[in-house]
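I have placed the structure first, in the form of structure tokens, so that the comments after it can refer back to it.
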Amino acid sequence: MSRFTQSIKKNSTGIILMTFAAFFTSLGQMFWKLSDAGINPSLIGGFGFYFLGAVLMIVSFRFGSLSVLHPLLSLGYIFALFLGVFLVGETIEFTHFSGIVLIILGVVLIGGGDD
Amino acid sequence: MISLFLVLLMTLFGSLGGFFFKKAGDYPLGLNIPFLMKVGTGGTFYLAGALLNIYLLTLLPYTVVYPITSVTYIWTMLLSAIFLHETITAKKIIGVLLISGGSVLLVL
């Protein structure tokens, strides 16, 4: 087995859990955005989702390296983009697609980049 | 200038949060003092980072704060190497750079 697939296999449970953590973190940040930094239900809801993301992150770290799993939270940036498009009706342009491709490439490299 | 300092602090706090959450994994999951101490420390850093993030959004445009958040993972690589003795491979470094570059593209 190559070192790349070994790294993915070694961290697989952590990678799956961290993907869910990233989703909930991005939901939390979306609600903070909607809150406009005021004390309101969106801010509190945002903390709820952010907290859930943190819990999943804590569990995830039990199943892999910190230097692999922590950067995978950046998958949340991609979730955030889709949440923004879906809820606000923004359009995705070519640069955004390029950004998504770069982030996914980065995540794949890190996931397969453990020693 | 103050914004730059706050950005570095916010990303460091986010990274320290993750670090202590990882350290919590040395202890069983649940209601035991060492586990709760690590989670509490990580949670405090994580919350401080989150509050700084919200505050920074009032000082700087969203389009700046958003991609800059990926600086967190540069701190994480340093903490992982120094305190957890994890190997920082070329793949990991290139991966973080790609993520940062991709984040910039997302807000253009």
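In the structure tokens, each chain is lettered A, B, ... as it comes, each chain's residues begin at 1, and ligands are numbered from 1 in order of appearance.
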> For chain B, which residues have at least one atom within 6 Å of chain A, if we go by only C-alpha atoms? Write them as a list in words, please.
Replying inline: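 For chain B, the answer reads Phe21, Lys22, Gly25, Tyr73, Met77, Ser80, Lys91, Lys92, Gly95, Leu98, Ile99, Gly102, Leu105 and Leu106 of chain B.
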Can you write out the residues you just picked, keeping C-alpha atoms, as an mmCIF file, in the first residue's frame?
data_model
loop_
_atom_site.group_PDB
_atom_site.id
_atom_site.type_symbol
_atom_site.label_atom_id
_atom_site.label_comp_id
_atom_site.auth_asym_id
_atom_site.auth_seq_id
_atom_site.Cartn_x
_atom_site.Cartn_y
_atom_site.Cartn_z
ATOM 1 C CA PHE B 21 -8.807 19.407 22.016
ATOM 2 C CA LYS B 22 -6.243 16.985 20.593
ATOM 3 C CA GLY B 25 -7.603 12.616 23.562
ATOM 4 C CA TYR B 73 -3.482 25.885 10.036
ATOM 5 C CA MET B 77 1.511 22.728 11.750
ATOM 6 C CA SER B 80 1.896 19.698 15.901
ATOM 7 C CA LYS B 91 2.389 17.326 1.159
ATOM 8 C CA LYS B 92 0.977 18.957 4.300
ATOM 9 C CA GLY B 95 -1.858 21.387 1.114
ATOM 10 C CA LEU B 98 -3.401 25.405 -1.612
ATOM 11 C CA ILE B 99 -6.147 25.854 0.989
ATOM 12 C CA GLY B 102 -8.253 28.591 -2.633
ATOM 13 C CA LEU B 105 -10.169 32.805 -4.743
ATOM 14 C CA LEU B 106 -13.457 32.139 -2.929
#
> Could you pull out all residues of chain A with a DSSP call of alpha helix (DSSP H) and give them as a VMD selection string?
Replying inline: chain A and resid 3 to 10 12 to 35 41 to 60 66 to 69 75 to 88 94 to 111
> Quick one: residues within 9 Å of segment 58-61 of chain B, only C-alpha atoms counted, chain neighbours fewer than 3 positions away excluded, as number ranges by chain?
Replying inline: A: 36-37; B: 3, 54-55, 64-66
>> I'd like the interatomic distance between atom CA of Leu52 of chain A and atom CA of Met18 of chain A, to a tenth of an Å.
In response: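 Computing the Euclidean distance for atom CA of Leu52 of chain A and atom CA of Met18 of chain A yields 11.5 Å.
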>> I'd like the neighbourhood of Leu56 of chain A as a VMD selection string, where a residue qualifies if any of its atoms comes within 8 Å (using only C-alpha atoms), though same-chain residues fewer than 5 positions away should be ignored.
In response: chain A and resid 17 to 18 20 to 21
>> Please list as a VMD selection string every residue within 7 Å of Phe49 of chain A, counting only C-alpha atoms and excluding residues in the same chain fewer than 2 positions away.
In response: chain A and resid 24 to 25 27 to 28 45 to 47 51 to 53
> For the atom pair atom CA of Ile74 of chain B and atom CA of Met30 of chain A, what is the interatomic distance in Å to one decimal place?
Replying inline: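 Atom CA of Ile74 of chain B sits 23.9 Å away from atom CA of Met30 of chain A.
Atom pair atom CA of Met10 of chain B / atom CA of Asn53 of chain B has a distance of 6.5 Å (rounded to one decimal).
Restricting the calculation to only C-alpha atoms, the smallest distance between Val107 of chain B and any of B:Phe20, B:Phe13, B:Tyr62, B:Phe83 is found for B:Tyr62.
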